[in-house]
$ cat run16.cif   # mmCIF, C-alpha atoms
data_upload
#
loop_
_atom_site.label_atom_id
_atom_site.label_comp_id
_atom_site.auth_asym_id
_atom_site.auth_seq_id
_atom_site.Cartn_x
_atom_site.Cartn_y
_atom_site.Cartn_z
CA MET A 1474 -26.21 6.66 -36.18
CA ASN A 1475 -22.83 5.82 -34.63
CA LEU A 1476 -20.46 8.74 -35.24
CA ALA A 1477 -17.63 7.33 -33.10
CA PRO A 1478 -14.41 6.69 -35.05
CA PRO A 1479 -13.58 3.03 -35.60
CA LEU A 1480 -11.29 1.45 -33.04
CA THR A 1481 -7.71 0.73 -33.99
CA ALA A 1482 -6.36 -2.81 -33.85
CA ALA A 1483 -4.58 -2.03 -30.56
CA GLN A 1484 -7.77 -0.60 -29.03
CA GLN A 1485 -9.78 -3.66 -30.12
CA ARG A 1486 -7.14 -5.96 -28.64
CA ASN A 1487 -7.10 -4.09 -25.34
CA ARG A 1488 -10.90 -4.08 -25.18
CA ARG A 1489 -10.88 -7.86 -25.71
CA LEU A 1490 -8.24 -8.30 -22.98
CA ARG A 1491 -10.27 -6.15 -20.60
CA ASN A 1492 -13.36 -8.27 -21.25
CA VAL A 1493 -11.36 -11.45 -20.60
CA ALA A 1494 -9.95 -9.97 -17.37
CA ILE A 1495 -13.42 -8.96 -16.13
CA GLY A 1496 -14.73 -12.43 -17.00
CA LEU A 1497 -11.92 -14.11 -15.08
CA ALA A 1498 -12.44 -11.81 -12.08
CA VAL A 1499 -16.17 -12.56 -11.99
CA ALA A 1500 -15.50 -16.32 -12.31
CA PHE A 1501 -12.95 -16.11 -9.47
CA LEU A 1502 -15.39 -14.25 -7.22
CA ALA A 1503 -18.18 -16.73 -8.03
CA MET A 1504 -15.93 -19.67 -7.07
CA LEU A 1505 -14.75 -17.86 -3.92
CA PHE A 1506 -18.29 -17.10 -2.75
CA TYR A 1507 -19.36 -20.66 -3.55
CA ALA A 1508 -16.48 -22.03 -1.42
CA ILE A 1509 -17.27 -19.61 1.42
CA THR A 1510 -20.92 -20.61 1.33
CA ILE A 1511 -19.96 -24.26 1.67
CA VAL A 1512 -17.58 -23.43 4.56
CA LYS A 1513 -20.14 -21.27 6.39
CA MET A 1514 -22.76 -24.00 6.00
CA GLY A 1515 -20.32 -26.11 8.02
CA SER A 1516 -20.16 -29.10 5.73
CA GLY A 1517 -17.18 -30.47 7.65
CA LEU A 1518 -15.61 -31.54 4.37
CA LEU A 1519 -12.88 -28.95 4.56
CA PRO A 1520 -10.01 -28.46 7.08
CA LYS A 1521 -10.84 -26.95 10.45
CA ALA A 1522 -10.37 -23.27 11.35
CA MET A 1523 -6.89 -21.72 11.60
CA MET B 14 -2.98 11.05 -30.88
CA SER B 15 -2.90 14.61 -29.58
CA LEU B 16 -0.07 15.73 -27.39
CA ALA B 17 -0.11 18.05 -24.39
CA THR B 18 3.12 19.78 -23.52
CA ASP B 19 4.29 20.13 -19.93
CA ASN B 20 7.80 21.52 -19.72
CA SER B 21 9.95 18.96 -21.53
CA VAL B 22 7.40 16.18 -21.17
CA LEU B 23 5.07 15.19 -24.00
CA LEU B 24 1.98 13.40 -22.79
CA PRO B 25 -0.96 12.00 -24.75
CA SER B 26 -4.34 13.57 -24.03
CA ALA B 27 -6.80 11.70 -21.84
CA ALA B 28 -9.40 12.24 -24.58
CA ASP B 29 -7.58 9.63 -26.66
CA SER B 30 -7.75 6.98 -24.00
CA THR B 31 -10.91 5.14 -25.07
CA TYR B 32 -10.12 1.43 -25.02
CA LEU B 33 -6.40 2.17 -25.10
CA ALA B 34 -5.70 0.70 -21.68
CA GLY B 35 -5.55 -3.04 -21.15
CA PRO B 36 -5.84 -5.02 -17.91
CA ARG B 37 -2.18 -4.37 -17.11
CA GLU B 38 -2.72 -0.60 -16.99
CA TYR B 39 -5.79 -0.99 -14.77
CA PHE B 40 -3.83 -3.30 -12.49
CA SER B 41 -1.07 -0.67 -12.26
CA LEU B 42 -3.71 1.80 -10.98
CA MET B 43 -3.97 -0.42 -7.90
CA LYS B 44 -0.32 0.25 -6.96
CA PRO B 45 0.65 -3.44 -6.83
CA ARG B 46 3.82 -2.89 -4.80
CA VAL B 47 1.97 -1.01 -2.07
CA MET B 48 -0.77 -3.63 -2.30
CA SER B 49 1.74 -6.43 -1.67
CA LEU B 50 2.88 -4.70 1.52
CA VAL B 51 -0.74 -4.25 2.64
CA VAL B 52 -1.46 -7.93 1.98
CA LEU B 53 1.59 -9.02 3.97
CA THR B 54 0.88 -6.76 6.95
CA ALA B 55 -2.83 -7.66 6.98
CA PHE B 56 -1.88 -11.35 6.78
CA ALA B 57 0.41 -10.88 9.78
CA GLY B 58 -2.48 -9.23 11.63
CA MET B 59 -4.69 -12.22 10.83
CA MET B 60 -2.04 -14.69 11.96
CA ILE B 61 -1.46 -13.05 15.35
CA ALA B 62 -5.20 -12.69 16.02
CA PRO B 63 -6.40 -14.41 19.21
CA ALA B 64 -9.08 -16.32 17.29
CA GLY B 65 -8.75 -17.97 13.89
CA GLN B 66 -10.64 -18.27 10.65
CA HIS B 67 -11.18 -21.08 8.20
CA PRO B 68 -8.35 -20.87 5.62
CA ILE B 69 -10.78 -20.21 2.75
CA VAL B 70 -12.52 -17.44 4.69
CA GLY B 71 -9.06 -16.06 5.58
CA PHE B 72 -8.05 -16.11 1.91
CA ALA B 73 -11.28 -14.34 0.93
CA SER B 74 -10.77 -11.72 3.66
CA LEU B 75 -7.22 -11.12 2.50
CA THR B 76 -8.43 -10.80 -1.10
CA ALA B 77 -10.99 -8.20 -0.02
CA ILE B 78 -8.33 -6.25 1.90
CA ALA B 79 -6.01 -6.37 -1.15
CA ILE B 80 -8.80 -5.08 -3.40
CA GLY B 81 -9.50 -2.32 -0.87
CA ALA B 82 -5.83 -1.32 -0.96
CA GLY B 83 -5.98 -1.31 -4.77
CA ALA B 84 -9.08 0.88 -4.64
CA SER B 85 -7.22 3.40 -2.46
CA GLY B 86 -4.37 3.43 -4.96
CA ALA B 87 -6.73 4.03 -7.90
CA LEU B 88 -8.50 6.90 -6.10
CA ASN B 89 -5.10 8.37 -5.20
CA MET B 90 -3.96 8.22 -8.83
CA TRP B 91 -7.23 9.82 -9.98
CA TRP B 92 -6.88 12.77 -7.59
CA ASP B 93 -3.14 13.24 -7.99
CA ALA B 94 -3.00 12.96 -11.80
CA ASP B 95 -2.24 16.69 -12.13
CA ILE B 96 0.89 16.54 -9.98
CA ASP B 97 1.87 13.04 -11.14
CA ALA B 98 2.12 14.41 -14.70
CA ARG B 99 4.78 16.90 -13.59
CA MET B 100 6.93 14.58 -11.49
CA ALA B 101 9.62 12.45 -13.16
CA ARG B 102 8.90 9.52 -10.83
CA THR B 103 5.17 9.38 -11.61
CA ARG B 104 4.62 10.96 -15.03
CA LEU B 105 4.35 7.58 -16.77
CA ARG B 106 1.50 6.39 -14.54
CA ALA B 107 -1.64 5.33 -16.41
CA VAL B 108 -3.72 8.47 -15.82
CA PRO B 109 -1.14 11.24 -16.46
CA SER B 110 0.16 9.38 -19.51
CA GLY B 111 -3.37 9.34 -20.95
CA LEU B 112 -3.83 5.57 -21.05
CA ILE B 113 -6.76 5.78 -18.63
CA ALA B 114 -9.11 8.78 -18.42
CA PRO B 115 -9.47 10.31 -14.92
CA ARG B 116 -13.18 9.47 -14.75
CA GLU B 117 -12.35 5.83 -15.56
CA ALA B 118 -9.81 5.72 -12.71
CA LEU B 119 -12.39 7.28 -10.37
CA GLY B 120 -15.05 4.76 -11.37
CA PHE B 121 -12.58 1.89 -11.05
CA GLY B 122 -11.56 3.03 -7.55
CA LEU B 123 -15.15 3.53 -6.34
CA VAL B 124 -16.33 0.16 -7.69
CA LEU B 125 -13.38 -1.64 -6.10
CA SER B 126 -13.96 0.19 -2.79
CA LEU B 127 -17.58 -0.92 -2.67
CA LEU B 128 -16.72 -4.46 -3.77
CA SER B 129 -13.96 -4.87 -1.17
CA VAL B 130 -15.95 -3.52 1.78
CA LEU B 131 -19.10 -5.50 0.96
CA THR B 132 -17.06 -8.66 0.38
CA LEU B 133 -15.29 -8.29 3.72
CA ALA B 134 -18.60 -7.66 5.47
CA ALA B 135 -20.04 -10.81 3.89
CA VAL B 136 -17.10 -13.16 4.45
CA ALA B 137 -15.72 -11.80 7.76
CA ASN B 138 -17.66 -9.35 9.92
CA PRO B 139 -18.98 -5.75 9.99
CA LEU B 140 -16.13 -4.51 12.21
CA ALA B 141 -13.45 -5.57 9.70
CA ALA B 142 -15.50 -4.12 6.82
CA GLY B 143 -15.96 -0.85 8.70
CA LEU B 144 -12.24 -0.62 9.42
CA LEU B 145 -11.44 -1.31 5.75
CA ALA B 146 -13.90 1.39 4.65
CA PHE B 147 -12.29 3.80 7.12
CA THR B 148 -8.81 2.91 5.81
CA ILE B 149 -9.85 3.60 2.20
CA PHE B 150 -11.52 6.87 3.24
CA TYR B 151 -8.51 7.91 5.33
CA TYR B 152 -6.04 7.27 2.48
CA ALA B 153 -8.13 8.67 -0.37
CA VAL B 154 -9.74 11.65 1.37
CA ILE B 155 -7.86 12.55 4.56
CA TYR B 156 -4.36 11.91 3.17
CA THR B 157 -4.59 12.28 -0.62
CA MET B 158 -7.16 15.06 -0.94
CA TRP B 159 -6.46 17.01 2.25
CA LEU B 160 -3.16 16.49 4.05
CA LYS B 161 -0.79 15.71 1.18
CA ARG B 162 -0.87 19.24 -0.26
CA LEU B 163 -1.39 21.00 3.08
CA THR B 164 1.30 20.09 5.61
CA PRO B 165 4.82 18.65 5.80
CA GLN B 166 3.36 16.26 8.40
CA ASN B 167 1.32 14.68 5.57
CA ILE B 168 3.28 11.43 5.72
CA VAL B 169 3.20 11.26 9.51
CA ILE B 170 -0.58 11.66 9.86
CA GLY B 171 -1.44 9.99 6.55
CA GLY B 172 0.79 7.07 7.47
CA ALA B 173 -2.00 5.81 9.73
CA ALA B 174 -3.84 4.60 6.63
CA GLY B 175 -0.93 2.39 5.63
CA ALA B 176 -0.57 1.17 9.21
CA LEU B 177 -4.17 0.00 9.62
CA PRO B 178 -4.08 -3.28 7.60
CA PRO B 179 -2.81 -5.45 10.54
CA ILE B 180 -5.75 -4.18 12.61
CA VAL B 181 -8.15 -4.87 9.73
CA GLY B 182 -6.65 -8.36 9.35
CA CYS B 183 -6.95 -9.05 13.08
CA ALA B 184 -10.57 -7.85 13.10
CA ALA B 185 -11.36 -10.02 10.07
CA ALA B 186 -9.90 -13.11 11.75
CA SER B 187 -11.20 -12.65 15.30
CA GLY B 188 -13.98 -10.06 15.20
CA GLY B 189 -12.00 -7.80 17.53
CA VAL B 190 -8.87 -5.66 17.81
CA SER B 191 -6.03 -7.13 19.87
CA TRP B 192 -3.16 -5.26 21.52
CA ASP B 193 -0.72 -7.20 19.32
CA SER B 194 -2.35 -5.80 16.19
CA VAL B 195 -2.14 -2.30 17.70
CA TRP B 196 1.62 -2.80 18.21
CA LEU B 197 1.93 -3.80 14.53
CA PHE B 198 -0.01 -0.64 13.64
CA ALA B 199 2.45 1.40 15.72
CA ILE B 200 5.46 -0.20 14.02
CA ILE B 201 4.20 0.69 10.52
CA PHE B 202 3.14 4.14 11.75
CA LEU B 203 6.66 4.94 12.98
CA TRP B 204 8.26 3.22 9.97
CA THR B 205 6.45 5.31 7.35
CA PRO B 206 8.02 8.77 7.92
CA PRO B 207 11.72 7.75 7.79
CA HIS B 208 10.95 5.41 4.88
CA PHE B 209 9.24 8.07 2.82
CA TRP B 210 11.43 11.01 3.83
CA ALA B 211 14.51 9.11 2.66
CA LEU B 212 12.95 9.07 -0.81
CA ALA B 213 11.73 12.66 -0.45
CA LEU B 214 15.30 13.83 0.24
CA VAL B 215 16.32 12.59 -3.21
CA LYS B 216 13.13 13.67 -4.99
CA ALA B 217 12.85 17.04 -3.20
CA SER B 218 13.00 19.05 -6.44
CA ASP B 219 10.13 17.02 -7.91
CA TYR B 220 7.92 17.71 -4.88
CA ALA B 221 8.94 21.38 -4.83
CA ARG B 222 8.02 21.79 -8.51
CA VAL B 223 4.47 20.55 -7.93
CA GLY B 224 4.02 22.35 -4.60
CA VAL B 225 3.65 19.29 -2.36
CA PRO B 226 4.95 20.38 1.07
CA MET B 227 7.24 17.46 1.85
CA MET B 228 9.50 17.76 4.88
CA PRO B 229 12.75 18.48 2.93
CA ASN B 230 11.08 21.36 1.01
CA ILE B 231 9.49 23.02 4.03
CA LYS B 232 11.77 22.30 7.00
CA GLY B 233 14.91 21.70 4.95
CA PRO B 234 17.00 18.58 4.35
CA ASP B 235 18.98 18.89 7.60
CA ARG B 236 15.84 18.87 9.77
CA THR B 237 14.53 15.96 7.67
CA ARG B 238 17.73 13.98 8.29
CA LEU B 239 17.39 14.59 12.02
CA GLU B 240 13.75 13.48 12.02
CA ILE B 241 14.66 10.35 10.02
CA LEU B 242 17.23 9.50 12.69
CA VAL B 243 14.85 10.18 15.60
CA TYR B 244 12.00 8.15 14.09
CA THR B 245 14.38 5.26 13.34
CA LEU B 246 15.72 5.31 16.92
CA LEU B 247 12.13 5.11 18.18
CA LEU B 248 11.17 2.43 15.66
CA THR B 249 13.97 0.00 16.50
CA PRO B 250 12.92 -0.74 20.11
CA LEU B 251 9.26 -0.67 19.11
CA GLY B 252 10.02 -3.36 16.53
CA LEU B 253 11.04 -5.64 19.42
CA VAL B 254 7.71 -5.32 21.26
CA PRO B 255 5.97 -8.23 19.43
CA TRP B 256 8.86 -10.41 20.59
CA PHE B 257 8.32 -9.36 24.23
CA THR B 258 4.54 -9.84 24.02
CA GLY B 259 4.95 -13.27 22.47
CA ALA B 260 3.38 -12.37 19.12
CA GLY B 261 6.79 -12.92 17.53
CA GLY B 262 9.15 -15.80 18.23
CA LEU B 263 12.92 -16.04 18.47
CA LEU B 264 13.43 -15.66 14.72
CA TYR B 265 11.36 -12.49 14.77
CA GLY B 266 13.22 -11.11 17.77
CA VAL B 267 16.66 -11.68 16.26
CA ALA B 268 15.56 -10.16 12.94
CA ALA B 269 13.93 -7.16 14.63
CA LEU B 270 17.13 -6.48 16.57
CA THR B 271 19.63 -6.95 13.73
CA LEU B 272 17.56 -5.25 11.03
CA GLY B 273 16.65 -2.48 13.46
CA LEU B 274 20.32 -1.83 14.16
CA GLY B 275 20.97 -1.95 10.41
CA LEU B 276 18.25 0.64 9.85
CA CYS B 277 19.79 2.84 12.56
CA ALA B 278 23.16 2.57 10.81
CA HIS B 279 21.53 3.66 7.54
CA ALA B 280 19.77 6.55 9.29
CA ARG B 281 23.07 7.61 10.87
CA ARG B 282 24.77 7.69 7.45
CA VAL B 283 21.85 9.70 6.02
CA TYR B 284 22.26 12.11 8.94
CA LEU B 285 26.03 12.49 8.60
CA VAL B 286 26.53 12.51 4.81
CA ARG B 287 24.68 15.56 3.55
CA ASP B 288 26.26 16.58 0.27
CA GLY B 289 26.88 15.27 -3.20
CA ALA B 290 26.02 11.99 -4.86
CA ALA B 291 26.96 10.04 -1.73
CA ALA B 292 24.14 11.74 0.22
CA ASN B 293 21.54 10.64 -2.34
CA LYS B 294 23.09 7.18 -2.45
CA HIS B 295 22.77 6.77 1.32
CA ALA B 296 19.19 8.10 1.29
CA MET B 297 18.16 5.60 -1.40
CA ALA B 298 19.96 2.81 0.48
CA MET B 299 17.95 3.75 3.58
CA PHE B 300 14.74 3.73 1.51
CA GLY B 301 15.50 0.26 0.12
CA PHE B 302 16.60 -1.17 3.49
CA SER B 303 13.45 0.12 5.19
CA ILE B 304 11.33 -1.88 2.72
CA LEU B 305 13.40 -4.97 3.50
CA TYR B 306 12.98 -4.30 7.24
CA LEU B 307 9.20 -4.29 7.10
CA PHE B 308 8.90 -7.21 4.66
CA VAL B 309 11.19 -9.43 6.75
CA LEU B 310 9.62 -8.62 10.12
CA PHE B 311 6.04 -9.12 9.00
CA GLY B 312 7.03 -12.07 6.80
CA LEU B 313 8.60 -13.75 9.83
CA LEU B 314 5.45 -13.23 11.90
CA VAL B 315 3.50 -15.00 9.16
CA VAL B 316 6.07 -17.80 8.89
CA GLU B 317 6.32 -18.37 12.66
CA HIS B 318 2.54 -18.47 13.14
CA GLY B 319 2.19 -20.49 9.91
CA PHE B 320 4.44 -23.22 11.29
CA GLY B 321 2.41 -23.14 14.49
CA LEU B 322 -0.74 -23.78 12.48
CA LEU B 323 0.88 -26.63 10.57
CA ALA B 324 1.89 -28.18 13.89
CA ARG B 325 -1.67 -27.76 15.18
CA TRP B 326 -2.96 -29.56 12.08
CA GLY B 327 -0.42 -32.34 12.66
CA LEU B 328 1.49 -31.62 9.44
#

$ encode --input "run16.cif" --output "structure tokens"
Amino acid sequence: MNLAPPLTAAQQRNRRLRNVAIGLAVAFLAMLFYAITIVKMGSGLLPKAM
Amino acid sequence: MSLATDNSVLLPSAADSTYLAGPREYFSLMKPRVMSLVVLTAFAGMMIAPAGQHPIVGFASLTAIAIGAGASGALNMWWDADIDARMARTRLRAVPSGLIAPREALGFGLVLSLLSVLTLAAVANPLAAGLLAFTIFYYAVIYTMWLKRLTPQNIVIGGAAGALPPIVGCAAASGGVSWDSVWLFAIIFLWTPPHFWALALVKASDYARVGVPMMPNIKGPDRTRLEILVYTLLLTPLGLVPWFTGAGGLLYGVAALTLGLGLCAHARRVYLVRDGAAANKHAMAMFGFSILYLFVLFGLLVVEHGFGLLARWGL
């Protein structure tokens, strides 16, 4: 049985925003690691080293 | 919402914090202003490195360093929540105000620490990752947990943590530590005490109330003013070294000289004007100008080397 008090509207909104933020962060990291993988494989499609 | 009284301050209890904090409050745990300075100084370290990185790898390295800086900030806010709640400057931070429970801040800081170090190891090299891990450890444990409440030299010794990002950036870009990055470390190391003591002069009563042994509370404001002046006089010529070594160009050299002299003028005023509202005004002006000094110098290093890269790419 769940004895926790129900969340207020503000708490529900903040929880939703936190989930969105975590989702965006994970998507960003996935794209970043994908790009790095391509670069490290040396595809030659991207600009040369700094 | 329950309320906990602390002198005249009413703060919500951390027990009420479940789901109360949104992404903005978590982001504030990372001390975004400090993080921006870390990103800039690490970027400068990457730009002056003898060997380069692919821009995407450089961006990923910089992101990892920024997250590592944020992790240090979150761990600092977790540990210091008790004194933050009693200082006017910090009592509205996310943990003391009850928006984020201490254990949540601790978990956030630890997860970010691990994420940043592993990411840097994966995208750059083990040396850079090790240096980042050491920086986080130095700031969170050596400075925050040990030195800050122990000695008036807390800022001097602890300042090494804030000075390390150029070395981390250089290691990430080249796999080694260059002398130029060590000079940048030295500049930030000497910059930190006069920068922070200028603020501490104004906030001395806050620090005294919570028992943090800042220089003005232990050695007195006059000794602090003298030390601010001495450190600034040492910093100004040191700021010119990257110009002499070739890491900085003409723009950098002119800025280092003029802003350095400006900082000396501020330090002189802080030293001479010791009473009343004018004394606090000069101390805060010194604090603000010191931020400008570091941002401009390191920003110019990035700009000068950035234009060099563009020229190398034929743009």

$ closest_atom_pairs --input "run16.cif" --of "chain A" --to "chain B" --cutoff "10 Å" --atoms "all atoms listed in the file" --output "Markdown table"
| residue | atom | partner | partner_atom | distance |
| --- | --- | --- | --- | --- |
| A:Leu1480 | CA | B:Tyr32 | CA | 8.1 |
| A:Thr1481 | CA | B:Leu33 | CA | 9.1 |
| A:Ala1483 | CA | B:Leu33 | CA | 7.1 |
| A:Gln1484 | CA | B:Leu33 | CA | 5.0 |
| A:Gln1485 | CA | B:Tyr32 | CA | 7.2 |
| A:Arg1486 | CA | B:Gly35 | CA | 8.2 |
| A:Asn1487 | CA | B:Gly35 | CA | 4.6 |
| A:Arg1488 | CA | B:Tyr32 | CA | 5.6 |
| A:Arg1489 | CA | B:Gly35 | CA | 8.5 |
| A:Leu1490 | CA | B:Gly35 | CA | 6.2 |
| A:Arg1491 | CA | B:Pro36 | CA | 5.3 |
| A:Asn1492 | CA | B:Pro36 | CA | 8.8 |
| A:Val1493 | CA | B:Pro36 | CA | 8.9 |
| A:Ala1494 | CA | B:Pro36 | CA | 6.5 |
| A:Ile1495 | CA | B:Pro36 | CA | 8.7 |
| A:Leu1502 | CA | B:Ala73 | CA | 9.1 |
| A:Leu1505 | CA | B:Ala73 | CA | 6.9 |
| A:Phe1506 | CA | B:Val136 | CA | 8.3 |
| A:Ala1508 | CA | B:Ile69 | CA | 7.3 |
| A:Ile1509 | CA | B:Val70 | CA | 6.2 |
| A:Thr1510 | CA | B:Val136 | CA | 8.9 |
| A:Val1512 | CA | B:His67 | CA | 7.7 |
| A:Lys1513 | CA | B:Val70 | CA | 8.7 |
| A:Leu1519 | CA | B:His67 | CA | 8.8 |
| A:Pro1520 | CA | B:His67 | CA | 7.6 |
| A:Lys1521 | CA | B:His67 | CA | 6.3 |
| A:Ala1522 | CA | B:His67 | CA | 3.9 |
| A:Met1523 | CA | B:Gly65 | CA | 4.8 |

$ resolve_selection --input "run16.cif" --expression "the PyMOL selection byres ((chain B and resi 45) around 12)" --output "list in words"
Arg37, Glu38, Tyr39, Phe40, Ser41, Leu42, Met43, Lys44, Arg46, Val47, Met48, Ser49, Leu50, Val51, Val52, Ala79, Ile80, Gly81, Ala82, Gly83, Ala84, Ser85, Gly86 and Ala87 of chain B

$ residues_around --input "run16.cif" --residues "segment 244-253 of chain B" --least-positions-apart "2" --cutoff "6 Å" --atoms "all atoms listed in the file" --output "ChimeraX atom specification"
/B:203,240-242,255-256,269,273,277

$ axis_aligned_box --input "run16.cif" --around "segment 1497-1506 of chain A" --padding-each-side "8 Å" --output "AutoDock Vina command-line options"
--center_x -15.1 --center_y -15.7 --center_z -8.9 --size_x 22.4 --size_y 23.9 --size_z 28.3

$ atom_distance --input "run16.cif" --atom1 "atom CA of Arg116 of chain B" --atom2 "atom CA of Trp91 of chain B"
7.6 Å

$ atom_distance --input "run16.cif" --atom1 "atom CA of Gly172 of chain B" --atom2 "atom CA of Thr205 of chain B"
5.9 Å

$ atom_distance --input "run16.cif" --atom1 "atom CA of Ile155 of chain B" --atom2 "atom CA of Asn89 of chain B"
11.0 Å

$ resolve_selection --input "run16.cif" --expression "the PyMOL selection byres ((chain B and resi 278) around 12)" --output "PyMOL selection string"
chain B and resi 241-242+245-246+249+271-277+279-285+295-296+298-299+302-303

$ resolve_selection --input "run16.cif" --expression "the PyMOL selection byres ((chain B and resi 173-183) around 7)" --output "list in words"
Val51, Thr54, Ala55, Phe56, Ala57, Gly58, Met59, Ala62, Ala141, Leu144, Leu145, Thr148, Tyr151, Tyr152, Ile170, Gly171, Gly172, Ala184, Ala185, Ala186, Ser187, Gly189, Val190, Ser194, Val195, Leu197, Phe198, Ile201 and Phe202 of chain B

$ build_atoms --input "run16.cif" --residues "segment 294-310 of chain B" --atoms "N, CA, C and O atoms" --output "JSON list (two decimals), in the frame of the given file"
[["chain", "number", "residue", "atom", "x", "y", "z"],
["B", 294, "LYS", "N", 22.88, 8.62, -2.47],
["B", 294, "LYS", "CA", 23.09, 7.18, -2.45],
["B", 294, "LYS", "C", 22.70, 6.59, -1.09],
["B", 294, "LYS", "O", 21.99, 5.57, -1.02],
["B", 295, "HIS", "N", 23.10, 7.26, -0.02],
["B", 295, "HIS", "CA", 22.77, 6.77, 1.32],
["B", 295, "HIS", "C", 21.25, 6.87, 1.58],
["B", 295, "HIS", "O", 20.68, 5.99, 2.24],
["B", 296, "ALA", "N", 20.64, 7.95, 1.08],
["B", 296, "ALA", "CA", 19.19, 8.10, 1.29],
["B", 296, "ALA", "C", 18.44, 6.98, 0.57],
["B", 296, "ALA", "O", 17.49, 6.39, 1.13],
["B", 297, "MET", "N", 18.84, 6.66, -0.67],
["B", 297, "MET", "CA", 18.16, 5.60, -1.40],
["B", 297, "MET", "C", 18.44, 4.23, -0.77],
["B", 297, "MET", "O", 17.57, 3.34, -0.79],
["B", 298, "ALA", "N", 19.65, 4.07, -0.21],
["B", 298, "ALA", "CA", 19.96, 2.81, 0.48],
["B", 298, "ALA", "C", 19.06, 2.65, 1.71],
["B", 298, "ALA", "O", 18.56, 1.56, 2.00],
["B", 299, "MET", "N", 18.85, 3.76, 2.42],
["B", 299, "MET", "CA", 17.95, 3.75, 3.58],
["B", 299, "MET", "C", 16.53, 3.40, 3.15],
["B", 299, "MET", "O", 15.85, 2.59, 3.79],
["B", 300, "PHE", "N", 16.08, 3.99, 2.04],
["B", 300, "PHE", "CA", 14.74, 3.73, 1.51],
["B", 300, "PHE", "C", 14.58, 2.24, 1.20],
["B", 300, "PHE", "O", 13.61, 1.60, 1.61],
["B", 301, "GLY", "N", 15.56, 1.67, 0.49],
["B", 301, "GLY", "CA", 15.50, 0.26, 0.12],
["B", 301, "GLY", "C", 15.56, -0.65, 1.35],
["B", 301, "GLY", "O", 14.81, -1.62, 1.45],
["B", 302, "PHE", "N", 16.44, -0.32, 2.29],
["B", 302, "PHE", "CA", 16.60, -1.17, 3.49],
["B", 302, "PHE", "C", 15.34, -1.13, 4.36],
["B", 302, "PHE", "O", 14.98, -2.13, 4.99],
["B", 303, "SER", "N", 14.67, 0.02, 4.37],
["B", 303, "SER", "CA", 13.45, 0.12, 5.19],
["B", 303, "SER", "C", 12.36, -0.79, 4.64],
["B", 303, "SER", "O", 11.58, -1.37, 5.40],
["B", 304, "ILE", "N", 12.30, -0.95, 3.32],
["B", 304, "ILE", "CA", 11.33, -1.88, 2.72],
["B", 304, "ILE", "C", 11.67, -3.30, 3.15],
["B", 304, "ILE", "O", 10.80, -4.08, 3.56],
["B", 305, "LEU", "N", 12.95, -3.63, 3.08],
["B", 305, "LEU", "CA", 13.40, -4.97, 3.50],
["B", 305, "LEU", "C", 13.03, -5.22, 4.97],
["B", 305, "LEU", "O", 12.54, -6.29, 5.33],
["B", 306, "TYR", "N", 13.27, -4.21, 5.79],
["B", 306, "TYR", "CA", 12.98, -4.30, 7.24],
["B", 306, "TYR", "C", 11.53, -4.72, 7.48],
["B", 306, "TYR", "O", 11.25, -5.70, 8.18],
["B", 307, "LEU", "N", 10.60, -4.00, 6.85],
["B", 307, "LEU", "CA", 9.20, -4.29, 7.10],
["B", 307, "LEU", "C", 8.78, -5.63, 6.52],
["B", 307, "LEU", "O", 8.05, -6.40, 7.17],
["B", 308, "PHE", "N", 9.25, -5.94, 5.30],
["B", 308, "PHE", "CA", 8.90, -7.21, 4.66],
["B", 308, "PHE", "C", 9.39, -8.38, 5.50],
["B", 308, "PHE", "O", 8.67, -9.36, 5.71],
["B", 309, "VAL", "N", 10.62, -8.31, 5.99],
["B", 309, "VAL", "CA", 11.19, -9.43, 6.75],
["B", 309, "VAL", "C", 10.47, -9.61, 8.08],
["B", 309, "VAL", "O", 10.08, -10.72, 8.45],
["B", 310, "LEU", "N", 10.26, -8.50, 8.81],
["B", 310, "LEU", "CA", 9.62, -8.62, 10.12],
["B", 310, "LEU", "C", 8.21, -9.20, 10.01],
["B", 310, "LEU", "O", 7.85, -10.14, 10.72]]
